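Asker: File name my_file01.txt; file contents compact mmCIF, C-alpha atoms and all ligand atoms; full text below.
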```
# COMPACT_ATOMS: atom_id res chain seq x y z
CA MET Y 1 -30.45 29.45 -31.32
CA LYS Y 2 -27.94 27.38 -29.40
CA ILE Y 3 -29.20 24.10 -28.06
CA ALA Y 4 -27.20 21.84 -25.78
CA VAL Y 5 -28.01 18.18 -26.32
CA GLU Y 6 -27.31 15.68 -23.60
CA GLY Y 7 -27.34 11.88 -23.55
CA CYS Y 8 -28.54 10.20 -20.33
CA MET Y 9 -29.02 12.51 -17.34
CA HIS Y 10 -29.23 9.90 -14.55
CA GLY Y 11 -30.30 12.63 -12.13
CA GLU Y 12 -27.04 14.59 -12.45
CA LEU Y 13 -28.64 17.98 -13.16
CA ASP Y 14 -26.11 19.95 -11.10
CA LYS Y 15 -23.20 18.54 -13.10
CA VAL Y 16 -24.80 19.07 -16.49
CA TYR Y 17 -25.86 22.67 -15.80
CA ASP Y 18 -22.42 23.37 -14.37
CA THR Y 19 -20.77 21.98 -17.51
CA MET Y 20 -23.01 24.19 -19.63
CA ARG Y 21 -22.05 27.30 -17.67
CA ARG Y 22 -18.35 26.54 -18.04
CA LEU Y 23 -18.82 25.85 -21.74
CA GLU Y 24 -20.53 29.22 -22.18
CA GLU Y 25 -17.62 30.99 -20.49
CA ALA Y 26 -14.94 29.09 -22.37
CA GLU Y 27 -16.54 29.55 -25.78
CA GLY Y 28 -18.12 32.96 -25.20
CA ILE Y 29 -21.56 31.70 -26.21
CA LYS Y 30 -25.04 31.77 -24.73
CA ILE Y 31 -26.97 28.51 -24.61
CA ASP Y 32 -30.74 28.87 -25.01
CA LEU Y 33 -32.00 25.37 -24.26
CA LEU Y 34 -30.98 21.97 -22.92
CA ILE Y 35 -32.56 18.84 -24.38
CA CYS Y 36 -31.99 15.49 -22.74
CA CYS Y 37 -32.54 12.11 -24.38
CA GLY Y 38 -33.82 10.13 -21.40
CA ASP Y 39 -32.83 8.34 -18.20
CA PHE Y 40 -33.52 11.71 -16.67
CA GLN Y 41 -34.52 10.28 -13.28
CA ALA Y 42 -37.02 12.89 -12.18
CA VAL Y 43 -37.02 11.43 -8.66
CA ARG Y 44 -38.83 13.68 -6.16
CA ASN Y 45 -38.53 11.59 -3.00
CA GLU Y 46 -37.90 8.10 -1.61
CA SER Y 47 -41.25 6.78 -2.84
CA ASP Y 48 -40.45 7.76 -6.44
CA LEU Y 49 -37.10 6.02 -6.12
CA GLN Y 50 -38.94 2.74 -5.47
CA CYS Y 51 -40.52 3.09 -8.93
CA VAL Y 52 -37.20 3.39 -10.78
CA ASN Y 53 -35.87 0.20 -12.32
CA VAL Y 54 -32.23 0.30 -11.20
CA LYS Y 55 -29.97 -2.05 -9.34
CA PRO Y 56 -29.85 -1.22 -5.62
CA LYS Y 57 -26.32 0.21 -5.80
CA PHE Y 58 -27.56 2.86 -8.25
CA ARG Y 59 -30.69 3.66 -6.24
CA THR Y 60 -29.63 7.13 -5.13
CA MET Y 61 -31.52 10.40 -4.88
CA ASN Y 62 -29.13 12.44 -7.06
CA THR Y 63 -30.14 16.05 -7.73
CA PHE Y 64 -33.52 16.36 -9.47
CA TRP Y 65 -35.42 16.76 -6.16
CA LYS Y 66 -33.65 20.10 -5.53
CA TYR Y 67 -35.11 21.54 -8.73
CA TYR Y 68 -38.51 20.07 -7.89
CA SER Y 69 -38.52 21.43 -4.32
CA GLY Y 70 -37.44 24.92 -5.37
CA GLU Y 71 -34.08 24.73 -3.60
CA ALA Y 72 -32.46 25.15 -7.02
CA VAL Y 73 -33.79 26.62 -10.25
CA ALA Y 74 -32.91 25.18 -13.64
CA PRO Y 75 -30.69 27.86 -15.21
CA TYR Y 76 -31.70 26.83 -18.73
CA PRO Y 77 -35.07 25.79 -20.10
CA THR Y 78 -34.80 22.01 -20.19
CA ILE Y 79 -36.81 19.52 -22.25
CA PHE Y 80 -36.49 15.79 -21.71
CA ILE Y 81 -37.91 12.46 -22.78
CA GLY Y 82 -38.03 9.32 -20.67
CA GLY Y 83 -35.70 6.35 -20.92
CA ASN Y 84 -35.61 3.03 -19.07
CA HIS Y 85 -34.49 4.39 -15.71
CA GLU Y 86 -37.24 6.74 -14.64
CA ALA Y 87 -39.63 7.49 -11.81
CA SER Y 88 -42.30 6.01 -14.09
CA ASN Y 89 -45.09 6.96 -11.66
CA TYR Y 90 -44.23 10.64 -12.01
CA LEU Y 91 -43.85 10.52 -15.79
CA TRP Y 92 -47.22 8.75 -16.01
CA GLU Y 93 -48.86 11.69 -14.18
CA LEU Y 94 -47.50 13.81 -17.01
CA TYR Y 95 -48.29 11.37 -19.83
CA TYR Y 96 -49.26 14.23 -22.19
CA GLY Y 97 -46.19 16.26 -21.21
CA GLY Y 98 -45.78 18.98 -18.61
CA TRP Y 99 -43.47 20.66 -16.13
CA ALA Y 100 -41.65 18.08 -14.00
CA ALA Y 101 -40.09 21.04 -12.15
CA PRO Y 102 -40.03 24.77 -12.86
CA ASN Y 103 -38.26 25.32 -16.22
CA ILE Y 104 -37.90 21.52 -16.73
CA TYR Y 105 -40.42 20.15 -19.21
CA PHE Y 106 -41.19 16.49 -19.81
CA LEU Y 107 -42.12 16.05 -23.47
CA GLY Y 108 -44.56 13.27 -22.64
CA VAL Y 109 -44.57 9.56 -23.43
CA ALA Y 110 -44.76 10.89 -26.97
CA GLY Y 111 -44.85 14.57 -27.72
CA VAL Y 112 -44.09 17.61 -29.82
CA VAL Y 113 -43.55 21.14 -28.50
CA LYS Y 114 -42.33 24.39 -29.93
CA PHE Y 115 -39.41 26.35 -28.57
CA GLY Y 116 -39.47 29.66 -30.41
CA ASN Y 117 -40.15 28.55 -33.96
CA ILE Y 118 -38.18 25.33 -33.49
CA ARG Y 119 -40.30 22.20 -33.36
CA ILE Y 120 -39.08 19.39 -31.13
CA GLY Y 121 -40.57 15.91 -31.03
CA GLY Y 122 -39.73 12.86 -29.00
CA LEU Y 123 -40.58 9.32 -27.98
CA SER Y 124 -39.95 8.12 -24.42
CA GLY Y 125 -38.94 4.64 -23.32
CA ILE Y 126 -37.21 1.74 -25.03
CA HIS Y 127 -38.59 -0.76 -27.50
CA LYS Y 128 -39.35 -4.34 -26.48
CA ARG Y 129 -41.31 -6.41 -28.95
CA HIS Y 130 -43.45 -8.23 -26.37
CA SER Y 131 -44.87 -4.98 -24.94
CA TYR Y 132 -45.31 -3.07 -28.18
CA TYR Y 133 -48.95 -3.82 -28.96
CA THR Y 134 -50.24 -3.94 -25.38
CA GLY Y 135 -51.99 -0.98 -23.83
CA HIS Y 136 -50.57 1.21 -21.09
CA HIS Y 137 -51.81 -1.05 -18.29
CA GLU Y 138 -49.10 -0.26 -15.74
CA ARG Y 139 -50.15 1.73 -12.69
CA PRO Y 140 -48.35 2.43 -9.44
CA PRO Y 141 -47.72 0.64 -7.15
CA TYR Y 142 -45.72 -1.39 -9.67
CA SER Y 143 -44.85 -5.05 -9.52
CA GLU Y 144 -41.32 -6.10 -10.48
CA SER Y 145 -42.73 -6.80 -13.94
CA THR Y 146 -44.78 -3.61 -14.50
CA LYS Y 147 -41.89 -1.52 -13.16
CA ILE Y 148 -40.04 -2.71 -16.28
CA SER Y 149 -42.81 -2.74 -18.88
CA ALA Y 150 -44.01 0.74 -17.79
CA TYR Y 151 -41.24 2.30 -19.87
CA HIS Y 152 -41.63 0.13 -22.97
CA VAL Y 153 -42.59 1.93 -26.18
CA ARG Y 154 -46.18 1.39 -27.38
CA HIS Y 155 -47.61 1.22 -30.88
CA TYR Y 156 -50.30 3.73 -29.90
CA ASP Y 157 -47.77 6.49 -29.15
CA VAL Y 158 -45.70 5.70 -32.24
CA LEU Y 159 -48.86 5.86 -34.35
CA LYS Y 160 -49.64 9.30 -32.98
CA LEU Y 161 -46.16 10.47 -33.96
CA MET Y 162 -46.57 8.90 -37.42
CA HIS Y 163 -49.47 11.34 -37.92
CA VAL Y 164 -47.18 14.37 -37.66
CA LYS Y 165 -47.11 15.78 -41.19
CA GLU Y 166 -45.51 19.17 -40.70
CA PRO Y 167 -41.71 19.27 -40.56
CA LEU Y 168 -39.97 18.77 -37.23
CA ASP Y 169 -36.57 20.30 -36.56
CA ILE Y 170 -35.40 17.90 -33.88
CA PHE Y 171 -36.46 14.46 -32.75
CA MET Y 172 -35.32 12.50 -29.70
CA SER Y 173 -35.57 8.82 -28.87
CA HIS Y 174 -33.89 7.11 -25.94
CA ASP Y 175 -32.77 3.99 -27.78
CA TRP Y 176 -31.18 4.29 -31.22
CA PRO Y 177 -33.18 3.73 -34.38
CA LEU Y 178 -32.64 0.19 -35.68
CA GLY Y 179 -29.99 0.03 -38.41
CA ILE Y 180 -28.59 3.48 -37.68
CA THR Y 181 -25.07 2.09 -37.30
CA GLU Y 182 -24.93 1.46 -41.07
CA TYR Y 183 -24.91 5.22 -41.64
CA GLY Y 184 -21.86 5.94 -39.50
CA ASN Y 185 -18.50 4.47 -38.60
CA TRP Y 186 -19.72 1.19 -37.11
CA GLN Y 187 -16.27 -0.33 -37.43
CA LYS Y 188 -14.96 2.21 -34.93
CA LEU Y 189 -18.02 1.71 -32.74
CA ILE Y 190 -17.49 -2.02 -32.36
CA GLN Y 191 -13.80 -1.46 -31.74
CA GLN Y 192 -14.73 0.71 -28.76
CA LYS Y 193 -17.72 -1.34 -27.63
CA ASP Y 194 -17.13 -4.96 -28.45
CA GLY Y 195 -20.41 -5.89 -26.78
CA PHE Y 196 -22.28 -4.34 -29.72
CA ARG Y 197 -20.45 -6.37 -32.39
CA GLU Y 198 -22.96 -9.18 -32.72
CA GLU Y 199 -25.99 -6.89 -32.74
CA VAL Y 200 -24.42 -4.54 -35.30
CA ASN Y 201 -23.54 -7.46 -37.58
CA LYS Y 202 -26.98 -9.02 -37.25
CA ARG Y 203 -28.64 -5.63 -37.68
CA THR Y 204 -30.56 -6.01 -34.43
CA LEU Y 205 -29.11 -3.02 -32.56
CA GLY Y 206 -31.75 -0.40 -31.89
CA SER Y 207 -35.47 0.23 -32.00
CA GLU Y 208 -37.61 -0.74 -34.96
CA PRO Y 209 -40.38 1.80 -34.27
CA ALA Y 210 -37.76 4.55 -33.91
CA ALA Y 211 -36.37 3.59 -37.34
CA LYS Y 212 -39.88 3.75 -38.81
CA LEU Y 213 -40.36 7.22 -37.34
CA LEU Y 214 -36.98 8.34 -38.63
CA ASN Y 215 -37.88 7.25 -42.16
CA THR Y 216 -41.28 8.93 -41.98
CA LEU Y 217 -40.56 12.16 -40.12
CA LYS Y 218 -37.11 12.72 -41.70
CA PRO Y 219 -36.13 15.48 -39.26
CA PRO Y 220 -32.85 17.36 -39.87
CA TYR Y 221 -31.64 16.27 -36.41
CA TRP Y 222 -32.19 13.09 -34.41
CA PHE Y 223 -30.66 12.51 -30.98
CA SER Y 224 -30.48 9.38 -28.86
CA ALA Y 225 -28.75 8.07 -25.74
CA HIS Y 226 -29.08 4.73 -23.89
CA LEU Y 227 -25.94 2.94 -25.12
CA HIS Y 228 -23.57 5.28 -23.30
CA CYS Y 229 -21.28 6.20 -26.15
CA ARG Y 230 -21.03 8.86 -28.82
CA PHE Y 231 -21.99 7.86 -32.34
CA PRO Y 232 -22.65 10.25 -35.24
CA ALA Y 233 -24.30 9.22 -38.50
CA ILE Y 234 -25.84 10.88 -41.55
CA ILE Y 235 -28.93 9.43 -43.18
CA GLN Y 236 -29.82 10.37 -46.74
CA HIS Y 237 -33.56 9.79 -47.29
CA GLY Y 238 -33.86 8.62 -50.91
CA GLU Y 239 -31.74 9.91 -53.76
CA ASP Y 240 -32.77 13.56 -53.64
CA GLY Y 241 -34.46 13.49 -50.27
CA PRO Y 242 -33.55 15.38 -47.10
CA THR Y 243 -30.81 14.26 -44.73
CA THR Y 244 -30.92 13.58 -41.00
CA LYS Y 245 -27.91 14.20 -38.82
CA PHE Y 246 -27.98 11.57 -36.11
CA LEU Y 247 -26.03 11.84 -32.91
CA ALA Y 248 -26.00 9.53 -29.93
CA LEU Y 249 -24.41 10.85 -26.76
CA ASP Y 250 -22.96 9.39 -23.61
CA LYS Y 251 -24.06 9.76 -20.01
CA CYS Y 252 -22.77 12.52 -17.76
CA ILE Y 253 -19.34 11.35 -16.62
CA PRO Y 254 -16.25 13.61 -16.64
CA GLY Y 255 -14.21 13.14 -19.80
CA ARG Y 256 -17.04 11.45 -21.68
CA ASN Y 257 -18.96 12.80 -24.67
CA PHE Y 258 -22.27 13.61 -23.02
CA LEU Y 259 -22.92 17.12 -24.29
CA GLN Y 260 -23.04 18.70 -27.73
CA VAL Y 261 -23.99 22.27 -28.59
CA LEU Y 262 -25.94 22.77 -31.75
CA ASP Y 263 -26.42 26.06 -33.56
CA ILE Y 264 -29.76 26.10 -35.30
CA PRO Y 265 -31.11 28.97 -37.43
CA SER Y 266 -34.22 30.41 -35.80
CA ASN Y 267 -36.23 33.52 -35.15
CA PRO Y 268 -34.68 35.89 -32.61
CA GLY Y 269 -35.51 35.18 -28.92
CA PRO Y 270 -36.62 35.33 -26.19
CA TYR Y 271 -37.86 31.81 -26.58
CA GLU Y 272 -40.31 29.81 -24.54
CA ILE Y 273 -41.81 26.34 -24.57
CA GLN Y 274 -45.24 26.25 -26.18
CA TYR Y 275 -47.88 23.71 -27.14
CA ASP Y 276 -47.83 22.56 -30.74
CA GLU Y 277 -51.09 22.92 -32.64
CA GLU Y 278 -50.74 19.87 -34.87
CA TRP Y 279 -49.71 17.70 -31.92
CA LEU Y 280 -52.67 18.79 -29.80
CA ALA Y 281 -54.98 17.99 -32.70
CA ILE Y 282 -53.47 14.50 -32.98
CA THR Y 283 -53.75 14.05 -29.21
CA ARG Y 284 -57.39 15.09 -29.29
CA ARG Y 285 -58.20 12.81 -32.20
CA PHE Y 286 -56.47 9.81 -30.61
CA ASN Y 287 -57.58 10.10 -27.00
CA SER Y 288 -60.75 8.03 -27.42
CA LEU Y 289 -58.55 5.16 -28.64
CA PHE Y 290 -56.15 5.37 -25.68
CA PRO Y 291 -55.42 1.73 -24.76
CA VAL Y 292 -55.24 1.49 -20.97
CA THR Y 293 -55.41 -2.29 -20.47
CA GLN Y 294 -53.28 -5.26 -21.45
CA MET Y 295 -55.49 -5.84 -24.47
CA GLN Y 296 -53.66 -5.54 -27.75
CA PHE Y 297 -54.03 -2.31 -29.64
CA ARG Y 298 -53.20 -2.39 -33.31
CA MET Y 299 -54.32 0.02 -35.98
CA ASN Y 300 -53.36 0.60 -39.60
CA THR Y 301 -55.87 3.27 -40.51
CA GLU Y 302 -54.76 6.82 -41.00
CA LEU Y 303 -56.96 9.25 -39.07
CA ASP Y 304 -58.01 12.59 -40.47
CA ILE Y 305 -57.20 15.31 -37.97
CA HIS Y 306 -58.44 18.23 -40.06
CA ASP Y 307 -61.48 19.07 -37.90
CA ASP Y 308 -59.52 18.68 -34.66
CA ARG Y 309 -56.89 20.97 -36.08
CA GLN Y 310 -59.43 23.74 -36.69
CA TRP Y 311 -60.89 23.21 -33.23
CA VAL Y 312 -57.49 23.29 -31.50
CA ARG Y 313 -56.46 26.38 -33.45
CA SER Y 314 -59.39 28.42 -32.19
CA LYS Y 315 -58.82 27.18 -28.62
CA LEU Y 316 -55.13 28.12 -28.78
CA ASN Y 317 -55.97 31.51 -30.27
CA ALA Y 318 -58.28 32.19 -27.35
CA ARG Y 319 -56.00 30.88 -24.54
CA GLY Y 320 -52.47 31.12 -25.89
CA ALA Y 321 -50.09 28.18 -26.24
CA LYS Y 322 -48.22 28.41 -22.95
CA PRO Y 323 -48.28 25.09 -21.06
CA PHE Y 324 -50.20 25.00 -17.78
CA ASP Y 325 -48.15 25.95 -14.72
CA PHE Y 326 -46.00 23.59 -12.68
CA VAL Y 327 -47.65 22.13 -9.58
CA GLN Y 328 -45.99 19.99 -6.87
CA THR Y 329 -47.90 16.76 -6.39
CA ALA Y 330 -45.67 14.84 -3.96
CA PRO Y 331 -43.55 16.08 -1.05
CA PRO Y 332 -39.93 16.66 -2.04
CA PHE Y 333 -37.07 14.72 -0.49
CA ASN Y 334 -35.80 16.26 2.73
CA PRO Y 335 -32.10 15.41 3.25
CA SER Y 336 -32.27 16.27 6.95
CA HIS Y 337 -35.18 13.84 7.44
CA PRO Y 338 -34.67 10.92 5.05
CA ASP Y 339 -37.62 8.55 4.96
CA TYR Y 340 -36.40 4.96 5.37
CA ASN Y 341 -39.86 3.52 5.03
CA PRO Y 342 -41.46 5.63 2.31
CA PRO Y 343 -45.18 5.35 1.57
CA ILE Y 344 -46.17 3.17 -1.37
CA VAL Y 345 -46.91 5.19 -4.47
CA VAL Y 346 -50.42 5.31 -5.88
CA HIS Y 347 -51.51 7.22 -8.95
CA CYS Y 348 -51.96 10.94 -8.49
CA ARG Y 349 -53.96 13.17 -10.81
CA ASN Y 350 -51.56 15.94 -11.71
CA PRO Y 351 -53.41 19.28 -11.97
CA GLN Y 352 -51.38 20.15 -15.08
CA THR Y 353 -52.74 17.07 -16.82
CA GLU Y 354 -56.27 17.74 -15.61
CA SER Y 355 -56.12 21.33 -16.90
CA PHE Y 356 -54.68 20.14 -20.20
CA LEU Y 357 -57.45 17.60 -20.68
CA GLN Y 358 -60.13 20.12 -19.70
CA PHE Y 359 -58.65 22.50 -22.24
CA LEU Y 360 -58.92 19.85 -24.96
CA GLU Y 361 -62.31 18.74 -23.55
CA LEU Y 362 -61.09 15.17 -23.10
CA PRO Y 363 -61.81 12.67 -20.31
CA TYR Y 364 -59.15 11.70 -17.77
CA LEU Y 365 -58.04 8.12 -18.54
CA LEU Y 366 -54.70 7.72 -16.76
CA ASP Y 367 -56.25 6.05 -13.71
CA SER Y 368 -58.62 3.85 -15.74
CA SER Y 369 -58.90 0.28 -14.62
CA ASN Y 370 -56.10 -1.85 -15.96
CA HIS Y 371 -57.82 -5.19 -15.33
CA GLY Y 372 -58.76 -6.34 -18.82
CA GLY Y 373 -61.97 -5.37 -20.57
CA VAL Y 374 -62.36 -1.95 -22.04
CA GLY Y 375 -62.14 -0.12 -18.70
CA GLY Y 376 -62.54 3.58 -19.22
CA ASN Y 377 -61.32 3.21 -22.74
CA ALA Y 378 -63.80 4.02 -25.47
CA SER Y 379 -63.83 1.31 -28.07
CA SER Y 380 -63.66 2.12 -31.72
CA SER Y 381 -64.41 0.26 -34.88
CA GLN Y 382 -61.08 1.40 -36.24
CA ALA Y 383 -59.05 -0.16 -33.48
CA ALA Y 384 -58.70 -3.91 -33.36
CA ALA Y 385 -58.84 -4.70 -29.65
CA ARG Y 386 -58.41 -8.36 -28.80
CA PRO Y 387 -57.22 -10.31 -25.79
CA LEU Y 388 -53.51 -10.70 -25.48
CA ASP Y 389 -52.28 -13.94 -26.96
CA ASP Y 390 -50.27 -15.67 -24.26
CA ASN Y 391 -47.99 -17.22 -26.86
CA ALA Y 392 -46.93 -13.77 -27.91
CA ILE Y 393 -45.51 -12.95 -24.49
CA GLU Y 394 -41.77 -13.17 -24.38
CA PRO Y 395 -39.89 -13.68 -21.13
CA PRO Y 396 -39.35 -10.52 -19.09
CA ASP Y 397 -36.29 -8.58 -20.06
CA GLU Y 398 -34.11 -8.75 -16.95
CA VAL Y 399 -30.99 -8.55 -19.05
CA GLU Y 400 -31.87 -5.32 -20.83
CA ASP Y 401 -30.24 -3.04 -18.35
CA ASP Y 402 -26.90 -4.75 -18.05
CA GLU Y 403 -25.57 -2.79 -20.99
CA ASP Y 404 -26.25 0.60 -19.46
CA ASP Y 405 -26.24 0.17 -15.72
CA GLU Y 406 -22.52 0.60 -15.47
MN MN Y 501 -31.09 3.80 -20.87
```
Any chance you could give the structure as structure tokens?

Answerer:
Amino acid sequence: MKIAVEGCMHGELDKVYDTMRRLEEAEGIKIDLLICCGDFQAVRNESDLQCVNVKPKFRTMNTFWKYYSGEAVAPYPTIFIGGNHEASNYLWELYYGGWAAPNIYFLGVAGVVKFGNIRIGGLSGIHKRHSYYTGHHERPPYSESTKISAYHVRHYDVLKLMHVKEPLDIFMSHDWPLGITEYGNWQKLIQQKDGFREEVNKRTLGSEPAAKLLNTLKPPYWFSAHLHCRFPAIIQHGEDGPTTKFLALDKCIPGRNFLQVLDIPSNPGPYEIQYDEEWLAITRRFNSLFPVTQMQFRMNTELDIHDDRQWVRSKLNARGAKPFDFVQTAPPFNPSHPDYNPPIVVHCRNPQTESFLQFLELPYLLDSSNHGGVGGNASSSQAAARPLDDNAIEPPDEVEDDEDDE
């Protein structure tokens, strides 16, 4: 199986698919799948664009809306995670994963899917310490502050991924795992990107939860984006342990290293995206703990998913593992009638998510009240829910995007 891996998409789907086609011709190969490591910008219309945290000069429609409206069809199955420049309202509709457009699958805020017999996992967003233990309290319409924190990585989603016990083939995170630069040519990296020098030397470059996941999941491949440069590394897990090939890629700009084709041994095709049994079992087990307010969520207990696994298996045997079909939930952008005063976004229940939750016999929690208390969130003796300690709040991270808004 040949998989094209891409760094940040920034809504440039036309350019990336075009590059893939030319690569296929030049090399005489057939690419089976595109995976993208975030900043995908699945912007459907002007209202979505208001939910993306970008400087005004970068606030442009780009090309995703064409694939969403049906004007264009993604020529390759595409799987993506979220980064820090996203239509967060749309990705929230698809929290558990789902089709953002036909043939374009969002892996979810955290997720694992199968493509053929290849297992692909990922974590959306970027890590910021001050948001890590809060719940997912952000709902559209966003304030300037929730527009930013909406894409911050949460302990809850990392914990779910820490429960994955069966081997993954590929993992994606938008920001790099903390400390990853030690396993590659960091000297060359800081020569090219002097702005990283201090962070590399202080060992503060990257995401701590991503590093934890890397050391636990130990996948053969790990891909990241965010810092807009190429950086390969090889991690040896323990003396006789497995290795992970890490690769960070650039954003889609001519002449830059934004695409890499990977040849991975697999069963013969045709391949399609399918639900992953172990992941659905974890999702089912964890849903009653879903933190949907600003209250802190912290848990150290390991949950036993054995019973959920059996339950999910029989459900998947009966229904099949194909994800529920794509449904349009907002009108697509119309270039001949641009909307200069777009309606304010409110949360929309995506039918894909509703079907998914019905299938797993779980309640819908994505529009639960975010105003303190337990809201629609079931409490559990295993989860330590306590009010957010004001002293733990760090200042908002206005500076975070300067490094990658170029
Ligand atoms: Mn980014």

Asker: From the options Y:Asp339, Y:Asp32, Y:Asp308, Y:Asp276, which residue's atoms come nearest to Y:Glu166, counting all atoms listed in the file?

Answerer: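 Selected residue with least distance to Y:Glu166: Y:Asp276.
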
Asker: Sorted by chain and rising residue number, which residues of stretch 194-311 of chain Y lie within 8 Å of stretch 149-163 of chain Y, and what are their closest atom pairs and distances in Å to one decimal, counting only C-alpha atoms, as a tab-separated table?

Answerer:
```
residue	atom	partner	partner_atom	distance
Y:Pro209	CA	Y:Val158	CA	6.9
Y:Leu213	CA	Y:Met162	CA	6.4
Y:Thr216	CA	Y:Met162	CA	7.0
Y:Leu217	CA	Y:Met162	CA	7.4
Y:Ile282	CA	Y:Lys160	CA	6.5
Y:Thr283	CA	Y:Lys160	CA	7.3
Y:Phe286	CA	Y:Lys160	CA	7.2
Y:Phe290	CA	Y:Tyr156	CA	7.4
Y:Pro291	CA	Y:Tyr156	CA	7.5
Y:Phe297	CA	Y:Tyr156	CA	7.1
Y:Arg298	CA	Y:His155	CA	7.1
Y:Glu302	CA	Y:His163	CA	7.6
Y:Leu303	CA	Y:His163	CA	7.9
```

Asker: Residues within 7 Å of ligand MN 501 (chain Y) should be enumerated using all atoms listed in the file and returned as a list in words.

Answerer: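 Residues satisfying the distance criterion: Cys8, Gly38, Asp39, Gly83, Asn84, His85, His174, Ala225, His226, Leu227 and Asp404 of chain Y.
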
Asker: Suppose you want the space between atom CA of Y:Leu34 and atom CA of Y:Ala4; what is it in Å?

Answerer: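 Taking atom CA of Y:Leu34 and atom CA of Y:Ala4, their separation equals 4.7 Å.
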
Asker: How far is it from atom CA of Y:Tyr364 to atom CA of Y:Ile79, in Å with one decimal?

Answerer: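 According to the coordinates, atom CA of Y:Tyr364 and atom CA of Y:Ile79 are separated by 24.1 Å.
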
Asker: What does the distance from atom CA of Y:Gly238 to atom CA of Y:Lys218 come to in Å, to one decimal?

Answerer: 10.6 Å

Asker: Restricting the calculation to only C-alpha atoms, which member of Y:Pro232, Y:Pro323, Y:Gly70, Y:Gly28 is positioned closest to Y:Lys114?

Answerer: Y:Pro323

Asker: Would you please work out which residue, of Y:Val327, Y:Val73, Y:Leu247, Y:Ile235, is nearest to Y:Trp176 when using all atoms listed in the file?

Answerer: Y:Leu247

Asker: Reconstruct N, CA and C atoms of stretch 19-32 of chain Y; output as an mmCIF file, in the coordinates of the input.

Answerer:
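Output below, filename out-v6.cif:
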```
data_model
loop_
_atom_site.group_PDB
_atom_site.id
_atom_site.type_symbol
_atom_site.label_atom_id
_atom_site.label_comp_id
_atom_site.auth_asym_id
_atom_site.auth_seq_id
_atom_site.Cartn_x
_atom_site.Cartn_y
_atom_site.Cartn_z
ATOM 1 N N THR Y 19 -21.559 22.152 -16.283
ATOM 2 C CA THR Y 19 -20.770 21.980 -17.510
ATOM 3 C C THR Y 19 -21.210 23.001 -18.560
ATOM 4 N N MET Y 20 -22.503 23.231 -18.649
ATOM 5 C CA MET Y 20 -23.010 24.190 -19.630
ATOM 6 C C MET Y 20 -22.510 25.608 -19.328
ATOM 7 N N ARG Y 21 -22.533 25.971 -18.063
ATOM 8 C CA ARG Y 21 -22.050 27.300 -17.670
ATOM 9 C C ARG Y 21 -20.577 27.469 -18.036
ATOM 10 N N ARG Y 22 -19.778 26.439 -17.740
ATOM 11 C CA ARG Y 22 -18.350 26.540 -18.040
ATOM 12 C C ARG Y 22 -18.096 26.575 -19.543
ATOM 13 N N LEU Y 23 -18.916 25.852 -20.282
ATOM 14 C CA LEU Y 23 -18.820 25.850 -21.740
ATOM 15 C C LEU Y 23 -19.148 27.240 -22.306
ATOM 16 N N GLU Y 24 -20.161 27.864 -21.742
ATOM 17 C CA GLU Y 24 -20.530 29.220 -22.180
ATOM 18 C C GLU Y 24 -19.379 30.192 -21.967
ATOM 19 N N GLU Y 25 -18.751 30.099 -20.796
ATOM 20 C CA GLU Y 25 -17.620 30.990 -20.490
ATOM 21 C C GLU Y 25 -16.449 30.722 -21.415
ATOM 22 N N ALA Y 26 -16.098 29.452 -21.566
ATOM 23 C CA ALA Y 26 -14.940 29.090 -22.370
ATOM 24 C C ALA Y 26 -15.124 29.475 -23.833
ATOM 25 N N GLU Y 27 -16.319 29.333 -24.350
ATOM 26 C CA GLU Y 27 -16.540 29.550 -25.780
ATOM 27 C C GLU Y 27 -17.138 30.924 -26.060
ATOM 28 N N GLY Y 28 -17.494 31.644 -25.015
ATOM 29 C CA GLY Y 28 -18.120 32.960 -25.200
ATOM 30 C C GLY Y 28 -19.453 32.859 -25.932
ATOM 31 N N ILE Y 29 -20.257 31.874 -25.572
ATOM 32 C CA ILE Y 29 -21.560 31.700 -26.210
ATOM 33 C C ILE Y 29 -22.664 31.753 -25.151
ATOM 34 N N LYS Y 30 -23.897 31.848 -25.630
ATOM 35 C CA LYS Y 30 -25.040 31.770 -24.730
ATOM 36 C C LYS Y 30 -25.914 30.598 -25.189
ATOM 37 N N ILE Y 31 -26.154 29.681 -24.284
ATOM 38 C CA ILE Y 31 -26.970 28.510 -24.610
ATOM 39 C C ILE Y 31 -28.426 28.799 -24.261
ATOM 40 N N ASP Y 32 -29.330 28.510 -25.201
ATOM 41 C CA ASP Y 32 -30.740 28.870 -25.010
ATOM 42 C C ASP Y 32 -31.584 27.735 -24.423
#
```
